[in-house]
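The data block below is protein.txt; it holds compact mmCIF, C-alpha atoms.
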```txt
# COMPACT_ATOMS: atom_id res chain seq x y z
CA MET A 1 56.03 76.23 74.39
CA THR A 2 52.89 78.37 74.52
CA ALA A 3 52.84 82.18 74.49
CA SER A 4 51.60 82.23 78.10
CA ALA A 5 54.43 79.93 79.14
CA THR A 6 56.90 82.21 77.39
CA SER A 7 55.49 85.20 79.28
CA SER A 8 55.63 83.30 82.55
CA THR A 9 59.29 82.39 82.03
CA ALA A 10 60.14 86.00 81.17
CA ASP A 11 58.37 87.20 84.32
CA ARG A 12 60.26 84.72 86.50
CA ARG A 13 63.56 85.64 84.87
CA GLY A 14 62.79 89.31 85.50
CA LEU A 15 62.09 88.65 89.17
CA LEU A 16 65.27 86.63 89.62
CA CYS A 17 67.33 89.31 87.89
CA SER A 18 65.79 91.97 90.15
CA LEU A 19 66.92 89.96 93.20
CA PHE A 20 70.45 89.77 91.78
CA ASP A 21 70.43 93.49 90.98
CA ALA A 22 69.37 94.28 94.55
CA ALA A 23 72.21 92.19 95.97
CA VAL A 24 74.75 93.99 93.78
CA ALA A 25 73.30 97.43 94.55
CA ALA A 26 73.50 96.82 98.31
CA ALA A 27 77.24 96.24 98.01
CA GLN A 28 78.07 99.42 96.09
CA PRO A 29 80.92 101.34 97.80
CA ALA A 30 79.14 104.68 97.34
CA LEU A 31 76.46 103.39 99.72
CA CYS A 32 78.40 101.38 102.25
CA LEU A 33 81.82 103.07 102.55
CA PRO A 34 81.16 106.69 103.74
CA PRO A 35 79.83 105.74 107.22
CA HIS A 36 83.17 104.08 108.03
CA LEU A 37 85.56 106.91 107.22
CA PRO A 38 87.85 108.05 110.08
CA THR A 39 88.75 111.54 111.22
CA ARG A 40 91.59 113.39 109.52
CA PRO A 41 95.07 112.67 110.91
CA LYS A 42 97.72 115.21 111.92
CA GLY A 43 99.98 113.98 109.15
CA ARG A 44 99.48 112.61 105.66
CA THR A 45 96.59 110.45 104.45
CA ILE A 46 97.72 107.71 102.08
CA VAL A 47 95.18 105.54 100.27
CA ILE A 48 96.18 102.12 99.00
CA GLY A 49 94.19 99.11 97.95
CA ALA A 50 93.44 96.28 95.58
CA GLY A 51 90.39 94.41 94.36
CA LYS A 52 87.55 94.51 91.90
CA ALA A 53 85.76 97.11 94.02
CA SER A 54 88.83 99.15 94.96
CA ALA A 55 88.42 101.86 92.30
CA ALA A 56 84.78 102.44 93.21
CA MET A 57 85.81 102.47 96.87
CA ALA A 58 88.47 105.09 96.09
CA ARG A 59 85.91 107.25 94.31
CA ALA A 60 83.52 107.03 97.27
CA LEU A 61 86.33 107.97 99.64
CA GLU A 62 87.35 110.96 97.52
CA ASP A 63 83.76 112.18 97.36
CA HIS A 64 83.48 112.25 101.17
CA TRP A 65 86.99 113.25 102.31
CA ASP A 66 87.58 116.93 103.07
CA GLY A 67 91.34 116.89 103.58
CA PRO A 68 94.54 116.24 101.64
CA LEU A 69 94.67 112.80 100.03
CA GLU A 70 97.06 110.80 97.87
CA GLY A 71 97.49 107.19 96.91
CA LEU A 72 97.11 104.34 94.46
CA VAL A 73 94.79 101.36 94.17
CA ILE A 74 94.82 98.42 91.78
CA THR A 75 91.69 97.06 90.15
CA ARG A 76 90.81 94.54 87.45
CA TYR A 77 90.93 95.54 83.80
CA GLY A 78 87.60 97.16 82.95
CA TYR A 79 86.81 98.13 86.56
CA GLU A 80 88.45 101.57 86.53
CA VAL A 81 86.51 104.51 88.00
CA PRO A 82 87.89 108.04 87.41
CA CYS A 83 89.42 109.65 90.50
CA GLN A 84 91.08 113.03 91.01
CA ARG A 85 93.59 112.42 93.82
CA ILE A 86 93.94 108.65 93.98
CA GLN A 87 95.61 106.95 91.04
CA ILE A 88 93.79 103.93 89.62
CA VAL A 89 95.89 101.21 88.00
CA GLN A 90 94.37 98.27 86.15
CA ALA A 91 95.90 94.78 86.19
CA ALA A 92 95.02 91.15 85.49
CA HIS A 93 92.72 88.79 87.35
CA PRO A 94 92.64 85.88 88.20
CA VAL A 95 96.27 85.32 87.15
CA PRO A 96 98.61 88.24 87.99
CA ASP A 97 100.53 90.20 85.37
CA ALA A 98 103.41 92.68 85.11
CA ALA A 99 101.07 95.68 85.51
CA GLY A 100 99.99 94.39 88.92
CA LEU A 101 103.60 93.79 89.91
CA ARG A 102 104.67 97.34 88.99
CA ALA A 103 101.67 98.90 90.74
CA THR A 104 102.32 96.88 93.90
CA GLN A 105 105.92 98.06 93.93
CA ARG A 106 104.65 101.63 93.77
CA ILE A 107 102.32 100.97 96.72
CA GLN A 108 105.28 99.65 98.68
CA GLU A 109 107.14 102.87 97.92
CA LEU A 110 104.14 104.98 98.98
CA VAL A 111 104.00 103.45 102.46
CA SER A 112 107.71 103.53 103.19
CA GLY A 113 109.02 106.09 105.66
CA LEU A 114 105.68 106.99 107.24
CA THR A 115 105.37 108.49 110.72
CA ALA A 116 103.09 107.93 113.71
CA ASP A 117 101.07 111.00 112.65
CA ASP A 118 100.18 109.50 109.25
CA LEU A 119 97.10 107.51 108.28
CA VAL A 120 96.93 104.75 105.71
CA ILE A 121 93.47 103.80 104.44
CA ALA A 122 93.57 100.39 102.76
CA LEU A 123 90.66 99.63 100.41
CA ILE A 124 90.53 95.85 100.06
CA SER A 125 88.02 93.72 98.17
CA GLY A 126 87.79 90.40 96.38
CA GLY A 127 90.22 89.87 93.52
CA GLY A 128 93.03 91.57 95.40
CA SER A 129 95.04 88.35 95.69
CA SER A 130 96.04 88.45 92.02
CA LEU A 131 96.05 92.24 91.63
CA LEU A 132 98.34 92.93 94.60
CA VAL A 133 101.35 90.90 93.54
CA ALA A 134 104.84 91.03 95.02
CA PRO A 135 106.68 87.70 94.80
CA GLY A 136 108.27 86.48 97.99
CA ASP A 137 111.98 86.02 98.55
CA GLY A 138 113.61 84.33 95.57
CA LEU A 139 110.43 84.10 93.47
CA THR A 140 109.55 85.62 90.10
CA LEU A 141 106.26 86.80 88.62
CA GLN A 142 106.32 83.68 86.45
CA ASP A 143 106.50 81.53 89.59
CA LYS A 144 103.45 83.31 91.03
CA GLN A 145 101.55 82.94 87.75
CA ALA A 146 102.27 79.20 87.64
CA VAL A 147 101.10 78.68 91.22
CA ASN A 148 97.94 80.76 90.73
CA THR A 149 97.01 78.85 87.59
CA ALA A 150 97.54 75.50 89.30
CA LEU A 151 95.54 76.54 92.37
CA LEU A 152 92.60 77.70 90.25
CA LYS A 153 92.43 74.30 88.55
CA SER A 154 92.98 72.21 91.66
CA GLY A 155 89.57 72.36 93.34
CA ALA A 156 91.06 73.92 96.50
CA THR A 157 88.78 76.20 98.50
CA ILE A 158 89.37 79.96 98.48
CA SER A 159 90.67 79.73 102.05
CA GLU A 160 93.18 77.06 101.04
CA MET A 161 94.30 78.97 97.96
CA ASN A 162 94.82 82.13 99.97
CA CYS A 163 96.80 80.30 102.63
CA VAL A 164 99.30 79.30 99.95
CA ARG A 165 99.33 82.79 98.43
CA ARG A 166 100.03 84.45 101.78
CA HIS A 167 103.25 82.51 102.20
CA LEU A 168 104.58 83.29 98.73
CA SER A 169 104.16 87.06 98.89
CA ALA A 170 106.06 90.12 100.06
CA VAL A 171 102.83 92.01 100.83
CA LYS A 172 100.12 89.50 101.78
CA GLY A 173 99.61 87.94 105.20
CA GLY A 174 99.96 91.24 107.10
CA ARG A 175 103.21 92.28 105.44
CA LEU A 176 101.73 95.39 103.80
CA ALA A 177 100.43 96.75 107.13
CA ALA A 178 103.78 95.97 108.76
CA ALA A 179 105.47 98.06 106.07
CA CYS A 180 103.24 101.03 107.03
CA TYR A 181 104.36 101.03 110.69
CA PRO A 182 104.32 103.29 112.73
CA ALA A 183 101.43 104.91 110.81
CA VAL A 184 97.83 104.13 111.70
CA VAL A 185 96.33 101.65 109.23
CA LEU A 186 92.57 101.47 108.69
CA THR A 187 91.46 98.69 106.35
CA LEU A 188 87.99 98.94 104.83
CA LEU A 189 86.91 95.51 103.61
CA ILE A 190 84.31 94.26 101.16
CA SER A 191 84.06 90.54 101.76
CA ASP A 192 83.87 88.02 98.95
CA VAL A 193 84.76 84.95 101.01
CA PRO A 194 82.74 82.43 103.03
CA GLY A 195 82.88 83.36 106.69
CA ASP A 196 84.11 86.92 106.00
CA ASN A 197 87.53 86.15 107.51
CA PRO A 198 89.80 89.17 106.82
CA ILE A 199 92.84 86.96 106.22
CA ASP A 200 91.08 85.46 103.20
CA ILE A 201 89.97 88.73 101.58
CA ALA A 202 92.74 89.48 99.06
CA SER A 203 94.88 87.11 101.16
CA GLY A 204 94.95 89.51 104.10
CA PRO A 205 97.65 92.08 103.24
CA THR A 206 96.93 94.19 106.34
CA VAL A 207 95.93 91.61 108.98
CA ALA A 208 97.84 89.09 111.08
CA ASP A 209 97.94 85.54 109.76
CA PRO A 210 97.88 82.55 112.16
CA THR A 211 98.59 80.00 109.40
CA THR A 212 102.08 78.72 108.63
CA CYS A 213 104.26 77.51 105.79
CA ALA A 214 103.54 73.98 107.02
CA ASN A 215 99.82 74.62 106.44
CA ALA A 216 100.58 75.84 102.92
CA ARG A 217 102.73 72.78 102.17
CA ALA A 218 99.95 70.47 103.37
CA ILE A 219 97.50 72.11 100.96
CA ILE A 220 99.96 71.77 98.08
CA ASP A 221 100.40 68.07 98.88
CA ARG A 222 96.66 67.48 99.38
CA TYR A 223 95.83 68.65 95.88
CA ARG A 224 99.04 67.30 94.32
CA ILE A 225 99.93 70.68 92.89
CA GLU A 226 103.15 70.86 90.91
CA LEU A 227 105.35 73.72 92.12
CA PRO A 228 108.35 75.51 90.62
CA PRO A 229 111.45 74.55 92.65
CA ALA A 230 111.89 78.08 94.04
CA VAL A 231 108.33 78.05 95.39
CA ARG A 232 108.75 74.81 97.28
CA ALA A 233 112.08 76.06 98.62
CA LEU A 234 110.51 79.27 100.00
CA LEU A 235 107.83 77.26 101.80
CA GLN A 236 110.63 75.48 103.65
CA ARG A 237 112.30 78.69 104.85
CA ALA A 238 111.55 81.23 107.57
CA GLU A 239 111.26 83.95 104.92
CA GLY A 240 108.02 82.36 103.79
CA GLU A 241 106.29 82.96 107.13
CA SER A 242 103.67 85.70 107.28
CA VAL A 243 103.14 88.31 110.03
CA LYS A 244 101.68 86.58 113.08
CA PRO A 245 99.13 87.72 115.70
CA GLY A 246 100.74 89.85 118.39
CA ASP A 247 103.31 91.41 116.06
CA ALA A 248 104.00 94.96 117.34
CA ARG A 249 103.97 96.35 113.79
CA LEU A 250 100.22 95.66 113.60
CA ALA A 251 99.36 97.30 116.94
CA ARG A 252 97.97 100.38 115.18
CA ALA A 253 96.09 98.47 112.47
CA GLU A 254 92.28 98.24 112.45
CA THR A 255 89.86 96.54 110.06
CA ARG A 256 86.22 97.37 109.34
CA MET A 257 83.90 95.19 107.28
CA ILE A 258 81.79 97.65 105.27
CA THR A 259 79.69 95.10 103.42
CA ALA A 260 79.49 91.32 103.04
CA PRO A 261 77.47 88.58 101.32
CA GLN A 262 74.85 88.43 104.11
CA MET A 263 73.94 92.08 103.56
CA ALA A 264 73.49 91.46 99.84
CA LEU A 265 71.25 88.45 100.50
CA GLU A 266 69.12 90.47 102.89
CA ALA A 267 68.66 93.15 100.23
CA ALA A 268 67.48 90.51 97.75
CA ALA A 269 65.13 89.11 100.38
CA GLN A 270 63.46 92.50 100.73
CA VAL A 271 62.78 92.61 96.99
CA ALA A 272 61.30 89.10 97.12
CA ARG A 273 58.94 90.07 99.96
CA ALA A 274 57.83 93.14 98.01
CA ALA A 275 56.93 90.81 95.14
CA GLY A 276 54.84 88.61 97.45
CA ILE A 277 57.39 85.77 97.56
CA THR A 278 58.66 84.51 100.92
CA PRO A 279 62.49 84.40 100.99
CA TYR A 280 64.60 81.93 102.93
CA ILE A 281 68.32 82.57 103.29
CA LEU A 282 70.03 79.18 103.43
CA GLY A 283 73.45 80.62 104.19
CA ASP A 284 75.98 83.20 103.06
CA SER A 285 78.97 80.86 103.04
CA LEU A 286 78.04 77.67 101.16
CA GLU A 287 81.14 75.99 99.79
CA GLY A 288 82.18 72.78 98.06
CA GLU A 289 82.26 71.53 94.49
CA ALA A 290 79.81 73.56 92.43
CA ARG A 291 78.17 70.48 90.92
CA ASP A 292 77.74 68.85 94.32
CA LEU A 293 76.17 72.01 95.69
CA GLY A 294 73.82 72.04 92.71
CA LYS A 295 72.67 68.51 93.45
CA ALA A 296 72.17 69.26 97.13
CA LEU A 297 70.06 72.37 96.55
CA ALA A 298 68.09 70.54 93.87
CA GLY A 299 67.10 68.02 96.52
CA ILE A 300 65.87 70.79 98.82
CA ALA A 301 64.00 72.51 95.98
CA ARG A 302 62.30 69.25 95.02
CA GLN A 303 61.22 68.62 98.61
CA VAL A 304 59.69 72.09 98.78
CA ALA A 305 57.94 71.76 95.40
CA VAL A 306 56.59 68.26 95.92
CA HIS A 307 56.03 67.98 99.69
CA GLY A 308 55.97 71.54 100.99
CA GLN A 309 58.90 70.81 103.29
CA PRO A 310 60.78 72.42 104.95
CA PHE A 311 59.15 75.50 103.39
CA GLN A 312 55.85 76.17 101.70
CA ALA A 313 55.82 77.38 98.10
CA PRO A 314 55.79 79.94 96.66
CA CYS A 315 59.17 80.88 98.03
CA VAL A 316 62.70 81.70 96.97
CA LEU A 317 65.80 80.03 98.41
CA LEU A 318 68.74 82.45 98.62
CA SER A 319 72.37 81.57 99.26
CA GLY A 320 75.88 82.93 98.88
CA GLY A 321 79.42 81.76 99.37
CA GLU A 322 82.04 80.49 96.97
CA SER A 323 81.96 77.05 95.42
CA THR A 324 84.84 75.50 93.52
CA VAL A 325 85.28 73.74 90.19
CA THR A 326 87.83 71.02 89.64
CA LEU A 327 88.55 71.37 85.94
CA ARG A 328 88.55 68.01 84.21
CA GLY A 329 86.95 68.86 80.88
CA GLN A 330 87.85 71.31 78.14
CA GLY A 331 84.94 73.70 78.72
CA ARG A 332 84.98 77.34 79.79
CA GLY A 333 84.42 76.73 83.50
CA GLY A 334 82.58 79.15 85.77
CA ARG A 335 81.47 77.97 89.20
CA ASN A 336 78.05 79.66 89.09
CA VAL A 337 77.06 78.20 85.74
CA GLU A 338 78.45 74.81 86.77
CA PHE A 339 76.27 74.96 89.88
CA LEU A 340 73.25 75.99 87.82
CA LEU A 341 73.74 73.28 85.20
CA ALA A 342 74.14 70.62 87.91
CA LEU A 343 70.98 71.95 89.57
CA GLY A 344 69.12 71.70 86.27
CA VAL A 345 70.30 68.17 85.54
CA ALA A 346 69.24 67.04 89.03
CA LEU A 347 65.83 68.74 88.81
CA ASP A 348 65.26 67.20 85.35
CA GLY A 349 62.64 69.73 84.28
CA LEU A 350 60.72 69.89 87.56
CA ALA A 351 57.75 72.19 86.98
CA GLY A 352 57.58 75.51 88.75
CA VAL A 353 61.26 75.78 89.67
CA TYR A 354 63.41 78.58 88.29
CA ALA A 355 66.90 79.69 89.34
CA LEU A 356 69.63 82.25 88.84
CA ALA A 357 73.26 81.94 89.84
CA GLY A 358 75.81 84.68 89.28
CA ASP A 359 78.96 86.27 90.57
CA THR A 360 78.28 89.71 92.02
CA ASP A 361 81.41 91.11 90.38
CA GLY A 362 79.98 90.36 86.94
CA VAL A 363 82.64 87.76 86.07
CA ASP A 364 82.05 84.04 86.57
CA GLY A 365 85.37 82.24 86.26
CA ALA A 366 87.38 83.84 83.47
CA GLU A 367 84.35 84.87 81.40
CA GLU A 368 82.90 88.38 81.14
CA ILE A 369 79.55 86.80 82.04
CA ALA A 370 78.03 87.03 85.52
CA GLY A 371 76.05 83.79 85.40
CA ALA A 372 72.83 82.41 83.95
CA VAL A 373 69.14 81.66 84.48
CA LEU A 374 67.51 78.21 84.61
CA ALA A 375 63.85 77.44 83.81
CA PRO A 376 61.83 74.20 83.92
CA ASN A 377 62.16 73.87 80.15
CA THR A 378 65.91 74.57 79.95
CA LEU A 379 66.96 70.94 79.53
CA ALA A 380 64.25 70.27 76.95
CA ARG A 381 65.34 73.30 74.94
CA ALA A 382 68.94 72.12 75.09
CA TRP A 383 68.09 68.63 73.83
CA ALA A 384 66.01 70.18 71.04
CA ALA A 385 69.08 72.22 70.03
CA GLY A 386 71.28 69.13 70.00
CA ILE A 387 73.04 69.98 73.29
CA ASN A 388 73.57 67.22 75.85
CA PRO A 389 73.28 68.77 79.35
CA GLY A 390 75.18 65.95 81.06
CA ALA A 391 78.00 66.11 78.53
CA SER A 392 78.24 69.88 78.99
CA LEU A 393 78.51 69.39 82.75
CA ASP A 394 81.19 66.71 82.35
CA ALA A 395 83.15 69.11 80.13
CA ASN A 396 82.88 71.96 82.69
CA ASP A 397 81.15 73.96 79.97
CA GLY A 398 78.33 75.72 81.78
CA HIS A 399 79.04 78.97 79.95
CA GLY A 400 78.85 77.29 76.57
CA PHE A 401 75.61 75.55 77.55
CA PHE A 402 73.69 78.61 78.77
CA GLN A 403 75.11 80.98 76.17
CA ALA A 404 73.90 78.70 73.37
CA LEU A 405 70.37 78.94 74.83
CA GLY A 406 70.50 82.71 75.28
CA ASP A 407 70.21 82.33 79.06
CA SER A 408 73.44 84.01 80.17
CA VAL A 409 73.29 86.94 82.59
CA ILE A 410 75.65 89.70 81.47
CA THR A 411 76.06 92.78 83.66
CA GLY A 412 79.42 94.21 82.72
CA PRO A 413 81.71 95.37 85.55
CA THR A 414 79.57 95.81 88.69
CA LEU A 415 82.39 97.62 90.57
CA THR A 416 81.83 95.51 93.67
CA ASN A 417 82.26 91.91 94.78
CA VAL A 418 80.42 90.05 97.55
CA ASN A 419 80.88 86.61 96.03
CA ASP A 420 78.34 84.25 94.49
CA PHE A 421 74.59 84.84 94.50
CA ARG A 422 72.06 82.03 94.08
CA ALA A 423 68.29 82.25 94.00
CA ILE A 424 65.93 79.30 93.46
CA LEU A 425 62.32 80.34 92.89
CA ILE A 426 59.76 77.60 93.68
CA GLU A 427 56.17 78.20 92.65
CA GLY A 428 54.76 74.85 93.74
CA GLY A 429 52.24 72.95 91.63
CA GLU A 430 52.13 69.37 90.51
CA GLY A 431 55.84 68.77 90.94
CA GLY A 432 56.05 66.87 87.66
CA PRO A 433 58.33 67.42 84.69
CA ALA A 434 57.97 70.58 82.63
CA GLN A 435 55.98 70.46 79.41
CA GLN A 436 58.22 69.95 76.41
CA PRO A 437 58.42 72.86 73.98
```

Would you write out, as C-alpha cells, the structure that this file holds?
Amino acid sequence: MTASATSSTADRRGLLCSLFDAAVAAAQPALCLPPHLPTRPKGRTIVIGAGKASAAMARALEDHWDGPLEGLVITRYGYEVPCQRIQIVQAAHPVPDAAGLRATQRIQELVSGLTADDLVIALISGGGSSLLVAPGDGLTLQDKQAVNTALLKSGATISEMNCVRRHLSAVKGGRLAAACYPAVVLTLLISDVPGDNPIDIASGPTVADPTTCANARAIIDRYRIELPPAVRALLQRAEGESVKPGDARLARAETRMITAPQMALEAAAQVARAAGITPYILGDSLEGEARDLGKALAGIARQVAVHGQPFQAPCVLLSGGESTVTLRGQGRGGRNVEFLLALGVALDGLAGVYALAGDTDGVDGAEEIAGAVLAPNTLARAWAAGINPGASLDANDGHGFFQALGDSVITGPTLTNVNDFRAILIEGGEGGPAQQP
C-alpha cells in the first residue's frame, strides 16, 4: 500500500471516528438531562436507577438540583461517576451478579413507605436489565444468571429477551413503580432499544407492561431455550405476570425520553455535512442477525458506489438499532464487529468504501472494545497476515479479526448508551476491488 493510500485510510478513519464521537457526545446526560428535571416536591426526593448511563445521569441531576436529595443507582463496573448525595453501586453486565442483587434490594427498601408528597426520580438507561436484578417468586440469582446467559446466546431480539426478563423479576415490568405508590414517579430514559419503547429499556421497571407470561413462554419455545425448572414453573403462575396498563399504582407515574438513537444519528449527520459529505440516515432501529444486516447494507453501499443509486457519492450511510448474534462458533462475539466483518466479506474490497460500527456504550458484546473500522484493503491485509475473513465470521470472532489488524475502536466507558452506531462512507470511483497492499 502506498504512502498516499495510507494517509487516505487514516483520514477516512478519522472522519468516521469523529462521527461516532459526535453521536456519543450528543447522548451525554450532562447535556440532555437538565431540561427535563421537575419542580421540587413537598416531601422527599428519592433518586433510583440502573443502567450504563445511570451514574452520569445521577451526577447531572445532582449538579442541577437545589433541594434535598437521596438515593442509589446501579451502573456497570467501570462506569462509576462520583456523586455527593446519590450512592453509586457497580454491578455486572450482561449477566447479573450478587452486587446487583444486593443493590436492588436496597432500592426496594428506599422506595417502601413513601407518601403522596414524595417524588421518585428513576434514572433508567440501557444495561439496566442485568444491573437491576430481583428474582421473581421462587427464583434464585443462579436461575436468573442461567436464563440471561441462554437468552444472550439464542439470537432472540432485545424486545424478546426483555419480555422474558420482565416476567421473571420482582422489579421489572412496572413492579418498581408500583412499589413507589402513592409517590409521584418520574422516569428519565435514555433509549438503547429499537423503537424507543419504554418497556424494553432496562425491561421497563417503572412502566406498565402489556405482554404476558404466555408471550414469554412462546419466546422460550421459539428459541428452544433450556430453563431451570423453577423458571418454567413461574411462567405458568399468576405471580409471573407484570403490572398491566390501567393499574392504579401507576396513575402517578410519568416517563420522559431525554435522548435516543435518532438524536445521536442526527448529531453525526451534522459533523458529516460540516466535512462536505452528504449524510443519509437509513434508520435508528435496524434489527436482525448482525451478519445478515451486514450483507444487506453492503448491497446498498455497492449500488451507491457503482451506480449512484439511490444516493450519489460521496455520502455516508448512517444507521442505529440493535442487531443480534446467534453464537455458533467459539469466537469472542460482538454484534457490531460481526456486522462489520460480514459487510467487509460482502463488499470484497470494493474501492472507496469505508465503515465504522460500534456500540455507543463503549462495549461491544462482552469485550471492552466499542467496535472497529473497515477499509477497502481490510480483507487483503487479513489474508496477508494469514487470517481467513470467512472463517473468522463463521467462528463469531469479529473482535479477534479486527484486533489482529489493529482496527479496533476502543473508547473506554462512554457513560451513556444509545445502542449501536454504524457509518458507511462511500467515496465513489471505479467501483472495483481495492488495490492489494

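Among the candidate residues A:Arg252, A:Lys144, A:Lys153, A:Lys244, the one lying nearest to Val231 (chain A) is A:Lys144, with distances computed using all atoms listed in the file.
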
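One finds CA of Gln108 (chain A) at 14.3 Å from CA of Val89 (chain A).
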
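Rounded to one decimal, CA of Ile225 (chain A) and CA of Gly365 (chain A) lie 19.7 Å from each other.
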
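Distance-wise, CA of Arg222 (chain A) and CA of Leu327 (chain A) end up 16.2 Å apart.
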
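Among the candidate residues A:Ala50, A:Leu186, A:Leu343, A:Ala267, the one lying nearest to Gly390 (chain A) is A:Leu343, with distances computed using all atoms listed in the file.
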